[in-house]
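Heads up, the thing below is written out as structure tokens.
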Amino acid sequence: MAPLAVTEQSMVKQERAARTRETLIRSAAETFDRDGFSVASLTAISSLAGVSNGALHFHFPSKAALANAVEEAALTRLLALTGNARVDVEGGVLPAGEGRVQLLVDVTHGLAGALRADPVLRAGFALSGELSRPRPGDLRERWRRWVEETLRQAEAEGELRPEAAAGDVVTAVVAATVGFEVLAVRDGAWLSAATVTRFWRLLLPTLVPADRLAGFEAAGTARRSV
């Protein structure tokens, strides 16, 4: 067989394997999202993916390995949501008239919308609560760190009321957003835009100076889909 034909066959096999792996990750996420990690079975995951148990084990030797892959995929999605925002925070550059607090409002709206629509992201956050071992892909911890850094910059730049300590605000924002994610397992309305807006309408007056409050949009701005 000609070398070119061998190369083409190898590429086709690699593409097929990559597609199968992605299908298994999504099927695992949907199964973890529906049943929980402890109850979910590899048989159910392979059945949903339309592959054999042998094919599943070829890509992932265990349920834990699948969970790691789901968390990695979910982390990629979370970083995409906060990616432009992270550049802003670290680089110190924001569009004219916008600040860190509005950025945080917008990203929480974007996160809630993504959690409503994406089972991989939902499963990644849920696994952060179900799996107690330390993991690089712990989404709740990554989210906390991003919120903390954004609010630290907001405090340093004078966006917060003097009595609004950034650490206390981090606790409130992370507790609320993670709580919405957990409660939405039973009632998706907890991740609705209306719920997130009500939260920010309650928090913003305690967070930013009164003379600047009118400049903030609790319902988010065009940047909410960052």
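Labeling convention for the structure tokens: chains A, B, ... as they appear, residues from 1 per chain, ligands from 1 in order of appearance.
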
**Asked** Out of range 6-170 of chain A, which residues get helix (DSSP H, G or I) from DSSP, as number ranges by chain?
**Response** A: 6-35, 42-49, 53-59, 63-91, 100-117, 119-130, 139-156, 166-170

**Message:** For range 52-66 of chain A, find every residue with an atom within 8 Å (counting only C-alpha atoms), except residues of its own chain fewer than 4 positions away, and show them as a list in words.
**Reply:** Arg21, Leu24, Ile25, Ala28, Ser41, Leu42, Thr43, Ser46, Ser47 and Val70 of chain A

Only N, CA, C and O atoms, please: the residues just picked out, written as a compact mmCIF listing (two decimals), in the first residue's frame.
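Result went into again12.txt, see below:
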# COMPACT_ATOMS: atom_id res chain seq x y z
N ARG A 21 -14.35 9.70 21.28
CA ARG A 21 -13.97 10.19 22.61
C ARG A 21 -14.86 11.37 23.01
O ARG A 21 -15.33 11.42 24.15
N LEU A 24 -18.28 10.13 23.93
CA LEU A 24 -18.28 9.49 25.25
C LEU A 24 -18.24 10.53 26.38
O LEU A 24 -18.92 10.37 27.40
N ILE A 25 -17.48 11.59 26.20
CA ILE A 25 -17.41 12.63 27.21
C ILE A 25 -18.77 13.29 27.39
O ILE A 25 -19.25 13.49 28.51
N ALA A 28 -21.14 10.81 29.02
CA ALA A 28 -20.83 10.70 30.45
C ALA A 28 -21.36 11.91 31.19
O ALA A 28 -21.96 11.78 32.28
N SER A 41 -23.59 4.47 35.55
CA SER A 41 -22.87 3.25 35.18
C SER A 41 -22.20 3.42 33.83
O SER A 41 -22.68 4.17 32.95
N LEU A 42 -21.09 2.71 33.65
CA LEU A 42 -20.39 2.75 32.37
C LEU A 42 -21.26 2.16 31.26
O LEU A 42 -21.18 2.59 30.10
N THR A 43 -22.07 1.18 31.61
CA THR A 43 -22.96 0.58 30.61
C THR A 43 -23.96 1.62 30.09
O THR A 43 -24.22 1.71 28.88
N SER A 46 -21.99 4.07 27.80
CA SER A 46 -21.66 3.52 26.48
C SER A 46 -22.91 3.35 25.63
O SER A 46 -22.89 3.59 24.42
N SER A 47 -24.01 2.98 26.25
CA SER A 47 -25.27 2.82 25.53
C SER A 47 -25.74 4.16 24.96
O SER A 47 -26.15 4.25 23.80
N VAL A 70 -14.51 14.77 31.69
CA VAL A 70 -15.67 15.67 31.72
C VAL A 70 -15.27 16.99 32.39
O VAL A 70 -15.61 18.07 31.90

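Once Glu163 in chain A and its same-chain neighbours fewer than 2 positions away are set aside, Leu160, Arg161, Ala165, Thr206 and Leu207 of chain A remain within 9 Å of it when counting only C-alpha atoms.
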
**Which residue of A:Arg77, A:Arg34, A:Arg152, A:Arg19 approaches Ala49 in chain A most closely, using only C-alpha atoms** =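 Of A:Arg77, A:Arg34, A:Arg152, A:Arg19, the one nearest Ala49 in chain A is A:Arg19, counting only C-alpha atoms.
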
**Message:** Set the distance at 10 Å and use only C-alpha atoms: which residues neighbour range 123-127 of chain A once local chain neighbours fewer than 3 positions away are removed? I'd like the list as a ChimeraX atom specification.
**Reply:** /A:26,28-34,36-37,67-75,77-78,115,118-120,130-132,137-141,143,178,181-182,185

**Message:** I'd like the interatomic distance between CA of Thr108 in chain A and CA of Leu191 in chain A, to a tenth of an Å.
**Reply:** 10.0 Å
